[in-house]
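The data block below is model_37.cif; it holds mmCIF, C-alpha atoms.
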```cif
data_protein
loop_
_atom_site.group_PDB
_atom_site.id
_atom_site.type_symbol
_atom_site.label_atom_id
_atom_site.label_comp_id
_atom_site.auth_asym_id
_atom_site.auth_seq_id
_atom_site.Cartn_x
_atom_site.Cartn_y
_atom_site.Cartn_z
ATOM 1 C CA MET D 1 244.386 113.257 177.077
ATOM 2 C CA ASN D 2 242.327 114.199 174.001
ATOM 3 C CA ASP D 3 243.567 116.645 171.357
ATOM 4 C CA VAL D 4 241.695 119.616 172.818
ATOM 5 C CA SER D 5 243.001 118.956 176.337
ATOM 6 C CA LYS D 6 246.502 118.491 174.948
ATOM 7 C CA ARG D 7 246.369 121.794 173.107
ATOM 8 C CA LEU D 8 244.894 123.638 176.075
ATOM 9 C CA ALA D 9 247.755 122.332 178.228
ATOM 10 C CA LEU D 10 250.248 123.455 175.577
ATOM 11 C CA ILE D 11 248.642 126.912 175.451
ATOM 12 C CA GLU D 12 248.725 127.301 179.244
ATOM 13 C CA LYS D 13 252.382 126.222 179.357
ATOM 14 C CA THR D 14 253.314 128.673 176.603
ATOM 15 C CA LEU D 15 251.395 131.572 178.153
ATOM 16 C CA ALA D 16 253.166 130.999 181.478
ATOM 17 C CA GLU D 17 256.503 131.467 179.707
ATOM 18 C CA LEU D 18 255.634 134.703 177.893
ATOM 19 C CA CYS D 19 255.580 137.328 180.682
ATOM 20 C CA PRO D 20 257.944 136.242 183.478
ATOM 21 C CA SER D 21 257.842 138.453 186.560
ATOM 22 C CA LYS D 22 261.295 137.672 187.929
ATOM 23 C CA GLY D 23 263.867 140.126 186.642
ATOM 24 C CA ALA D 24 261.293 142.382 184.943
ATOM 25 C CA VAL D 25 261.704 146.179 185.102
ATOM 26 C CA SER D 26 258.636 146.142 187.352
ATOM 27 C CA GLU D 27 257.896 142.768 188.873
ATOM 28 C CA LYS D 28 254.599 144.152 190.196
ATOM 29 C CA LEU D 29 253.508 145.102 186.673
ATOM 30 C CA ASN D 30 254.327 141.663 185.310
ATOM 31 C CA GLU D 31 252.557 140.095 188.289
ATOM 32 C CA ALA D 32 249.440 142.098 187.391
ATOM 33 C CA MET D 33 249.757 141.074 183.722
ATOM 34 C CA ASN D 34 250.041 137.411 184.667
ATOM 35 C CA TYR D 35 247.194 137.633 187.173
ATOM 36 C CA SER D 36 244.746 138.040 184.308
ATOM 37 C CA LEU D 37 246.683 136.230 181.566
ATOM 38 C CA LEU D 38 246.978 133.013 183.575
ATOM 39 C CA ALA D 39 243.470 133.071 185.083
ATOM 40 C CA GLY D 40 242.208 130.385 182.709
ATOM 41 C CA GLY D 41 239.459 130.862 180.194
ATOM 42 C CA LYS D 42 238.269 129.132 177.051
ATOM 43 C CA ARG D 43 241.357 130.068 175.009
ATOM 44 C CA LEU D 44 239.188 130.108 171.890
ATOM 45 C CA ARG D 45 241.436 132.406 169.891
ATOM 46 C CA PRO D 46 244.717 130.464 170.159
ATOM 47 C CA LEU D 47 242.771 127.239 169.638
ATOM 48 C CA ALA D 48 241.184 128.764 166.537
ATOM 49 C CA ILE D 49 244.562 129.765 165.085
ATOM 50 C CA MET D 50 245.886 126.237 165.428
ATOM 51 C CA ALA D 51 242.650 124.626 164.235
ATOM 52 C CA SER D 52 242.382 126.802 161.129
ATOM 53 C CA ALA D 53 245.991 125.965 160.260
ATOM 54 C CA ASP D 54 245.043 122.288 160.581
ATOM 55 C CA ALA D 55 242.002 122.822 158.347
ATOM 56 C CA VAL D 56 244.163 123.813 155.383
ATOM 57 C CA GLY D 57 246.686 121.027 155.910
ATOM 58 C CA GLY D 58 249.122 122.789 158.227
ATOM 59 C CA GLU D 59 250.511 121.724 161.582
ATOM 60 C CA GLY D 60 248.657 123.877 164.081
ATOM 61 C CA GLU D 61 250.851 123.228 167.111
ATOM 62 C CA ARG D 62 253.823 124.641 165.234
ATOM 63 C CA TYR D 63 252.266 128.085 165.698
ATOM 64 C CA VAL D 64 251.442 127.899 169.394
ATOM 65 C CA LYS D 65 253.610 130.889 170.369
ATOM 66 C CA LEU D 66 252.015 133.099 167.732
ATOM 67 C CA ALA D 67 248.613 131.708 168.719
ATOM 68 C CA CYS D 68 249.211 132.693 172.327
ATOM 69 C CA ALA D 69 250.195 136.223 171.311
ATOM 70 C CA ILE D 70 246.602 136.924 170.313
ATOM 71 C CA GLU D 71 245.475 135.790 173.780
ATOM 72 C CA LEU D 72 247.556 138.618 175.264
ATOM 73 C CA ILE D 73 245.490 141.107 173.280
ATOM 74 C CA HIS D 74 242.248 139.434 174.335
ATOM 75 C CA THR D 75 243.340 139.538 177.988
ATOM 76 C CA TYR D 76 244.302 143.208 177.802
ATOM 77 C CA SER D 77 240.841 143.970 176.417
ATOM 78 C CA LEU D 78 239.197 142.167 179.335
ATOM 79 C CA ILE D 79 241.264 144.060 181.922
ATOM 80 C CA HIS D 80 240.297 147.393 180.382
ATOM 81 C CA ASP D 81 236.687 146.324 179.784
ATOM 82 C CA ASP D 82 236.288 145.607 183.513
ATOM 83 C CA LEU D 83 237.540 149.044 184.631
ATOM 84 C CA PRO D 84 235.169 151.425 186.456
ATOM 85 C CA ALA D 85 235.190 153.790 183.467
ATOM 86 C CA MET D 86 234.019 150.936 181.221
ATOM 87 C CA ASP D 87 231.806 148.074 182.500
ATOM 88 C CA ASN D 88 232.870 148.408 186.160
ATOM 89 C CA ASP D 89 232.906 144.662 186.870
ATOM 90 C CA ASP D 90 234.154 143.148 190.116
ATOM 91 C CA TYR D 91 234.680 139.554 188.935
ATOM 92 C CA ARG D 92 236.144 137.855 185.881
ATOM 93 C CA ARG D 93 236.674 134.096 185.483
ATOM 94 C CA GLY D 94 235.648 133.544 189.092
ATOM 95 C CA ARG D 95 238.233 135.930 190.548
ATOM 96 C CA LEU D 96 238.365 139.593 191.465
ATOM 97 C CA THR D 97 239.014 141.727 188.397
ATOM 98 C CA ASN D 98 242.511 143.120 187.898
ATOM 99 C CA HIS D 99 241.785 146.636 189.164
ATOM 100 C CA LYS D 100 240.173 145.231 192.326
ATOM 101 C CA VAL D 101 243.487 143.552 193.176
ATOM 102 C CA TYR D 102 246.122 145.930 191.785
ATOM 103 C CA GLY D 103 244.277 149.249 191.559
ATOM 104 C CA GLU D 104 243.030 151.066 188.490
ATOM 105 C CA ALA D 105 246.361 152.615 187.452
ATOM 106 C CA MET D 106 248.280 149.323 187.552
ATOM 107 C CA ALA D 107 245.424 147.519 185.782
ATOM 108 C CA ILE D 108 245.589 150.046 182.944
ATOM 109 C CA LEU D 109 249.348 149.517 182.700
ATOM 110 C CA ALA D 110 248.892 145.727 182.797
ATOM 111 C CA GLY D 111 246.581 145.982 179.799
ATOM 112 C CA ASP D 112 249.017 148.295 178.020
ATOM 113 C CA GLY D 113 251.854 145.888 178.758
ATOM 114 C CA LEU D 114 250.012 142.895 177.339
ATOM 115 C CA LEU D 115 249.022 144.798 174.192
ATOM 116 C CA THR D 116 252.546 145.928 173.380
ATOM 117 C CA LYS D 117 254.113 142.606 174.408
ATOM 118 C CA THR D 118 251.969 140.966 171.733
ATOM 119 C CA PHE D 119 253.756 142.767 168.925
ATOM 120 C CA GLU D 120 257.173 142.166 170.465
ATOM 121 C CA LEU D 121 256.438 138.438 170.369
ATOM 122 C CA LEU D 122 255.181 138.571 166.793
ATOM 123 C CA ALA D 123 258.126 140.623 165.530
ATOM 124 C CA ALA D 124 260.617 138.257 167.187
ATOM 125 C CA GLU D 125 259.175 135.131 165.529
ATOM 126 C CA GLU D 126 261.948 133.826 163.254
ATOM 127 C CA SER D 127 260.214 130.642 162.074
ATOM 128 C CA VAL D 128 257.797 132.551 159.813
ATOM 129 C CA ALA D 129 258.857 134.294 156.597
ATOM 130 C CA PRO D 130 258.959 138.104 157.067
ATOM 131 C CA LYS D 131 256.407 138.794 154.321
ATOM 132 C CA LYS D 132 253.924 136.350 155.850
ATOM 133 C CA LEU D 133 254.615 137.663 159.359
ATOM 134 C CA LEU D 134 253.904 141.203 158.184
ATOM 135 C CA ARG D 135 250.525 140.047 156.883
ATOM 136 C CA VAL D 136 249.774 138.400 160.239
ATOM 137 C CA ILE D 137 250.674 141.610 162.097
ATOM 138 C CA PHE D 138 248.431 143.619 159.772
ATOM 139 C CA GLU D 139 245.475 141.245 160.317
ATOM 140 C CA LEU D 140 245.856 141.395 164.087
ATOM 141 C CA SER D 141 246.463 145.144 164.291
ATOM 142 C CA ARG D 142 243.402 145.934 162.205
ATOM 143 C CA ALA D 143 241.186 143.553 164.184
ATOM 144 C CA ALA D 144 242.348 144.892 167.555
ATOM 145 C CA GLY D 145 242.290 148.592 166.725
ATOM 146 C CA PRO D 146 239.753 151.312 165.864
ATOM 147 C CA GLU D 147 238.446 149.351 162.864
ATOM 148 C CA GLY D 148 237.791 146.348 165.094
ATOM 149 C CA MET D 149 237.774 145.644 168.821
ATOM 150 C CA VAL D 150 238.565 149.139 170.115
ATOM 151 C CA GLY D 151 236.061 150.695 167.715
ATOM 152 C CA GLY D 152 233.445 148.191 168.862
ATOM 153 C CA GLN D 153 234.145 149.041 172.488
ATOM 154 C CA ALA D 154 233.611 152.720 171.663
ATOM 155 C CA LEU D 155 230.253 151.871 170.082
ATOM 156 C CA ASP D 156 229.399 149.854 173.196
ATOM 157 C CA LEU D 157 230.062 152.834 175.472
ATOM 158 C CA ILE D 158 228.052 155.175 173.268
ATOM 159 C CA ALA D 159 225.130 152.705 173.237
ATOM 160 C CA GLU D 160 224.866 152.355 177.029
ATOM 161 C CA LYS D 161 221.469 153.263 178.480
ATOM 162 C CA LYS D 162 220.029 153.322 174.947
ATOM 163 C CA ARG D 163 217.916 150.910 172.949
ATOM 164 C CA ILE D 164 219.737 150.422 169.665
ATOM 165 C CA SER D 165 218.577 148.610 166.534
ATOM 166 C CA LEU D 166 219.488 145.027 165.670
ATOM 167 C CA SER D 167 221.724 146.197 162.812
ATOM 168 C CA GLU D 168 223.535 148.587 165.173
ATOM 169 C CA LEU D 169 223.995 145.761 167.686
ATOM 170 C CA GLN D 170 225.430 143.490 164.996
ATOM 171 C CA LYS D 171 227.860 146.206 163.919
ATOM 172 C CA LEU D 172 228.912 146.788 167.535
ATOM 173 C CA HIS D 173 229.611 143.159 168.342
ATOM 174 C CA GLY D 174 230.981 142.369 164.901
ATOM 175 C CA ALA D 175 233.767 144.795 165.794
ATOM 176 C CA LYS D 176 234.077 144.349 169.566
ATOM 177 C CA THR D 177 233.919 140.550 169.695
ATOM 178 C CA GLY D 178 233.873 139.215 166.162
ATOM 179 C CA ALA D 179 236.880 140.984 164.636
ATOM 180 C CA LEU D 180 239.489 139.364 166.861
ATOM 181 C CA PHE D 181 238.055 135.888 166.358
ATOM 182 C CA ILE D 182 237.945 136.422 162.592
ATOM 183 C CA ALA D 183 241.585 137.529 162.740
ATOM 184 C CA ALA D 184 242.520 134.388 164.698
ATOM 185 C CA VAL D 185 240.972 132.094 162.105
ATOM 186 C CA ARG D 186 242.476 134.037 159.200
ATOM 187 C CA ILE D 187 245.924 134.164 160.834
ATOM 188 C CA GLY D 188 246.028 130.390 161.293
ATOM 189 C CA ALA D 189 245.044 129.896 157.661
ATOM 190 C CA ILE D 190 247.600 132.454 156.424
ATOM 191 C CA LEU D 191 250.388 130.822 158.436
ATOM 192 C CA ALA D 192 249.553 127.470 156.824
ATOM 193 C CA ASP D 193 249.547 128.935 153.284
ATOM 194 C CA ALA D 194 245.794 128.822 152.659
ATOM 195 C CA SER D 195 244.534 129.670 149.200
ATOM 196 C CA GLU D 196 242.335 132.744 148.808
ATOM 197 C CA GLU D 197 239.329 130.456 148.332
ATOM 198 C CA GLU D 198 240.107 128.599 151.563
ATOM 199 C CA LEU D 199 240.647 131.890 153.364
ATOM 200 C CA SER D 200 237.285 133.152 152.135
ATOM 201 C CA SER D 201 235.472 130.042 153.423
ATOM 202 C CA LEU D 202 237.187 130.247 156.797
ATOM 203 C CA THR D 203 236.348 133.945 157.079
ATOM 204 C CA ARG D 204 232.660 133.110 156.535
ATOM 205 C CA TYR D 205 232.965 130.474 159.252
ATOM 206 C CA ALA D 206 234.563 132.943 161.658
ATOM 207 C CA LYS D 207 231.936 135.628 161.084
ATOM 208 C CA ALA D 208 229.098 133.178 161.745
ATOM 209 C CA PHE D 209 230.898 131.736 164.774
ATOM 210 C CA GLY D 210 231.469 135.204 166.227
ATOM 211 C CA LEU D 211 227.762 135.959 165.918
ATOM 212 C CA ALA D 212 226.802 132.661 167.571
ATOM 213 C CA PHE D 213 229.264 133.308 170.378
ATOM 214 C CA GLN D 214 227.889 136.764 171.127
ATOM 215 C CA ILE D 215 224.268 135.674 171.052
ATOM 216 C CA THR D 216 224.941 132.766 173.415
ATOM 217 C CA ASP D 217 226.932 135.149 175.630
ATOM 218 C CA ASP D 218 223.872 137.380 175.855
ATOM 219 C CA ILE D 219 221.678 134.370 176.603
ATOM 220 C CA LEU D 220 224.011 133.208 179.401
ATOM 221 C CA ASP D 221 223.902 136.677 180.959
ATOM 222 C CA VAL D 222 220.192 136.006 181.520
ATOM 223 C CA THR D 223 220.026 132.246 182.084
ATOM 224 C CA GLY D 224 223.520 131.281 183.206
ATOM 225 C CA ASP D 225 224.987 130.202 186.529
ATOM 226 C CA ASP D 226 227.253 132.735 188.273
ATOM 227 C CA LYS D 227 229.703 130.041 189.361
ATOM 228 C CA LYS D 228 230.042 128.553 185.884
ATOM 229 C CA ILE D 229 230.265 131.902 184.092
ATOM 230 C CA GLY D 230 232.753 133.292 186.617
ATOM 231 C CA LYS D 231 230.938 136.617 187.078
ATOM 232 C CA PRO D 232 227.456 137.719 188.163
ATOM 233 C CA VAL D 233 224.671 137.235 185.615
ATOM 234 C CA GLY D 234 222.568 140.241 184.703
ATOM 235 C CA SER D 235 225.517 142.590 184.127
ATOM 236 C CA ASP D 236 224.193 143.654 180.710
ATOM 237 C CA GLU D 237 220.897 144.781 182.211
ATOM 238 C CA LYS D 238 222.725 146.478 185.086
ATOM 239 C CA ASN D 239 224.813 148.475 182.603
ATOM 240 C CA GLY D 240 221.832 149.332 180.419
ATOM 241 C CA LYS D 241 223.101 147.444 177.374
ATOM 242 C CA SER D 242 221.022 146.353 174.409
ATOM 243 C CA THR D 243 221.527 142.633 173.728
ATOM 244 C CA TYR D 244 220.192 140.000 171.373
ATOM 245 C CA VAL D 245 217.930 138.832 174.195
ATOM 246 C CA SER D 246 216.579 142.288 175.008
ATOM 247 C CA LEU D 247 215.915 143.033 171.331
ATOM 248 C CA LEU D 248 214.674 139.633 170.143
ATOM 249 C CA GLY D 249 213.517 137.782 173.242
ATOM 250 C CA LEU D 250 215.042 134.563 174.532
ATOM 251 C CA SER D 251 213.367 132.173 172.075
ATOM 252 C CA GLU D 252 214.220 134.137 168.935
ATOM 253 C CA ALA D 253 217.759 134.772 170.165
ATOM 254 C CA ARG D 254 218.263 131.022 170.511
ATOM 255 C CA GLN D 255 216.927 130.492 166.993
ATOM 256 C CA LYS D 256 219.309 133.119 165.629
ATOM 257 C CA ALA D 257 222.236 131.454 167.408
ATOM 258 C CA ALA D 258 221.289 128.073 165.923
ATOM 259 C CA GLN D 259 221.125 129.619 162.436
ATOM 260 C CA ALA D 260 224.562 131.181 162.888
ATOM 261 C CA VAL D 261 226.018 127.838 163.968
ATOM 262 C CA LYS D 262 224.455 126.179 160.926
ATOM 263 C CA GLU D 263 226.067 128.771 158.649
ATOM 264 C CA ALA D 264 229.430 128.320 160.351
ATOM 265 C CA VAL D 265 229.358 124.560 159.870
ATOM 266 C CA GLU D 266 228.282 124.889 156.237
ATOM 267 C CA ALA D 267 231.237 127.178 155.534
ATOM 268 C CA LEU D 268 233.562 124.343 156.548
ATOM 269 C CA SER D 269 232.232 121.863 153.978
ATOM 270 C CA PRO D 270 235.279 122.188 151.655
ATOM 271 C CA PHE D 271 237.675 121.070 154.401
ATOM 272 C CA GLY D 272 236.312 117.670 155.455
ATOM 273 C CA GLU D 273 237.732 116.061 158.588
ATOM 274 C CA GLN D 274 240.657 118.482 158.758
ATOM 275 C CA ALA D 275 238.182 121.060 160.072
ATOM 276 C CA ALA D 276 236.665 118.720 162.680
ATOM 277 C CA PHE D 277 237.712 120.857 165.631
ATOM 278 C CA LEU D 278 236.408 124.103 164.114
ATOM 279 C CA ARG D 279 233.121 122.330 163.415
ATOM 280 C CA GLU D 280 232.915 121.020 166.980
ATOM 281 C CA LEU D 281 233.769 124.458 168.346
ATOM 282 C CA ALA D 282 230.789 125.977 166.549
ATOM 283 C CA GLN D 283 228.358 123.232 167.511
ATOM 284 C CA LYS D 284 229.276 123.551 171.184
ATOM 285 C CA MET D 285 228.075 127.148 171.161
ATOM 286 C CA LEU D 286 224.501 125.912 171.481
ATOM 287 C CA THR D 287 225.199 123.970 174.678
ATOM 288 C CA ARG D 288 227.821 126.167 176.350
ATOM 289 C CA GLU D 289 227.412 126.982 180.022
ATOM 290 C CA LYS D 290 230.226 129.533 180.383
#
```

For the structure just supplied, provide its representation as structure tokens.
Amino acid sequence: MNDVSKRLALIEKTLAELCPSKGAVSEKLNEAMNYSLLAGGKRLRPLAIMASADAVGGEGERYVKLACAIELIHTYSLIHDDLPAMDNDDYRRGRLTNHKVYGEAMAILAGDGLLTKTFELLAAEESVAPKKLLRVIFELSRAAGPEGMVGGQALDLIAEKKRISLSELQKLHGAKTGALFIAAVRIGAILADASEEELSSLTRYAKAFGLAFQITDDILDVTGDDKKIGKPVGSDEKNGKSTYVSLLGLSEARQKAAQAVKEAVEALSPFGEQAAFLRELAQKMLTREK
């Protein structure tokens, strides 16, 4: 088992332990939470936390529980994003979306439960010094809230059925998608006592990676395979969304993604082999199929 497979297995094991259904106030609620939380996925954010800790000389696996906490926030955002009032999607990761199985009201509560459970897990973490933990909570709260992911989702709703400018699109996705990934990278570095210079370099990496991820996501919505992506392609066009492909065309979008990957890799130059996984993560953006 290679390092990535080992860490993915560790992440899945840890996630399965975080929201047990048996004995919960509402076992049905926890079942709905776990339905989406344990549905698989790339687990980029917990991997990024551990990998960025490694990059500055820390021991990434030590922070697996904190790393998984951010995946709860990501999962809650997906549940809510799929709702009829938002993107109205029927499938996610190859399965029916949460509201299609549990109903809209329970899906909303499942998202709410995952969001609040995140901060319970963070606040209960005794292996991290309180001052450092407070900084981690601040980074995550800001990235997930109105200044980050939620604000980006609001911009996304406002932009539906409109053709927006490239700068507006970058602002939208920099908040909706990029902010949480930036927080993941910064949190891993903070946990491992990164210097401000190291933190600055890793933040540049994360911003470039987030851009590459979103562009390739837009490309896959046009060129991808439904079975590999886990949901029907063409959903952006169906929902009247401006994308990097609709604004730039397929060829230029691919060029922009390649440039973003190049910038991400260059930002890692101070870290050498300790940043090997972060480097590989960025480079794989250009060949991803899901």

*asked:* Need the shell around range 174-177 of chain D: protein/DNA/RNA residues with any atom at most 7 Å away, counting only C-alpha atoms. Skip same-chain ones fewer than 4 positions apart. Format as a PyMOL selection string?
replied: chain D and resi 148-153+170+210

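Atom pair CA of Lys28 in chain D / CA of Gly145 in chain D has a distance of 26.9 Å (rounded to one decimal).
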
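With all atoms listed in the file as the basis for measurement, D:Ile190 is the residue among D:Ile190, D:Ala159, D:Ile108, D:Leu37 that approaches Ile137 in chain D most closely.
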
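When all atoms listed in the file are used to compute distances to Arg95 in chain D, the closest of the residues D:Leu38, D:Ala69, D:Leu15, D:Ala253 turns out to be D:Leu38.
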
*Could you check which of D:Ala264, D:Ala110, D:Ile11, D:Ala51 is closest to Ser36 in chain D, using all atoms listed in the file?*
D:Ala110

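The coordinates place CA of Asp226 in chain D at 16.4 Å from CA of Asp82 in chain D.
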
*For CA of Ala53 in chain D and CA of Ala276 in chain D, determine how far apart the two atoms are, in Å to one decimal place.*
12.1 Å

N, CA and C atoms are needed for range 171-189 of chain D; please write them out as a tab-separated table (two decimals), keeping the file's coordinate frame.
```
chain	number	residue	atom	x	y	z
D	171	LYS	N	226.65	145.45	164.25
D	171	LYS	CA	227.86	146.21	163.92
D	171	LYS	C	228.76	146.32	165.14
D	172	LEU	N	228.16	146.62	166.29
D	172	LEU	CA	228.91	146.79	167.54
D	172	LEU	C	229.68	145.52	167.88
D	173	HIS	N	228.97	144.40	167.92
D	173	HIS	CA	229.61	143.16	168.34
D	173	HIS	C	230.46	142.53	167.25
D	174	GLY	N	230.13	142.84	165.99
D	174	GLY	CA	230.98	142.37	164.90
D	174	GLY	C	232.38	142.95	165.02
D	175	ALA	N	232.47	144.16	165.57
D	175	ALA	CA	233.77	144.79	165.79
D	175	ALA	C	234.34	144.41	167.16
D	176	LYS	N	233.55	144.56	168.20
D	176	LYS	CA	234.08	144.35	169.57
D	176	LYS	C	234.49	142.90	169.84
D	177	THR	N	233.66	141.96	169.41
D	177	THR	CA	233.92	140.55	169.70
D	177	THR	C	234.35	139.78	168.46
D	178	GLY	N	233.66	140.03	167.35
D	178	GLY	CA	233.87	139.22	166.16
D	178	GLY	C	235.20	139.43	165.47
D	179	ALA	N	235.69	140.67	165.43
D	179	ALA	CA	236.88	140.98	164.64
D	179	ALA	C	238.10	140.20	165.08
D	180	LEU	N	238.31	140.07	166.37
D	180	LEU	CA	239.49	139.36	166.86
D	180	LEU	C	239.40	137.87	166.59
D	181	PHE	N	238.19	137.31	166.68
D	181	PHE	CA	238.06	135.89	166.36
D	181	PHE	C	238.26	135.65	164.87
D	182	ILE	N	237.73	136.53	164.04
D	182	ILE	CA	237.94	136.42	162.59
D	182	ILE	C	239.44	136.48	162.29
D	183	ALA	N	240.14	137.41	162.94
D	183	ALA	CA	241.58	137.53	162.74
D	183	ALA	C	242.30	136.24	163.14
D	184	ALA	N	241.88	135.63	164.25
D	184	ALA	CA	242.52	134.39	164.70
D	184	ALA	C	242.39	133.29	163.64
D	185	VAL	N	241.20	133.13	163.12
D	185	VAL	CA	240.97	132.09	162.10
D	185	VAL	C	241.77	132.40	160.84
D	186	ARG	N	241.75	133.65	160.41
D	186	ARG	CA	242.48	134.04	159.20
D	186	ARG	C	243.99	133.90	159.39
D	187	ILE	N	244.49	134.26	160.57
D	187	ILE	CA	245.92	134.16	160.83
D	187	ILE	C	246.40	132.71	160.76
D	188	GLY	N	245.65	131.80	161.37
D	188	GLY	CA	246.03	130.39	161.29
D	188	GLY	C	246.08	129.90	159.86
D	189	ALA	N	245.09	130.31	159.06
D	189	ALA	CA	245.04	129.90	157.66
D	189	ALA	C	246.20	130.51	156.87
```
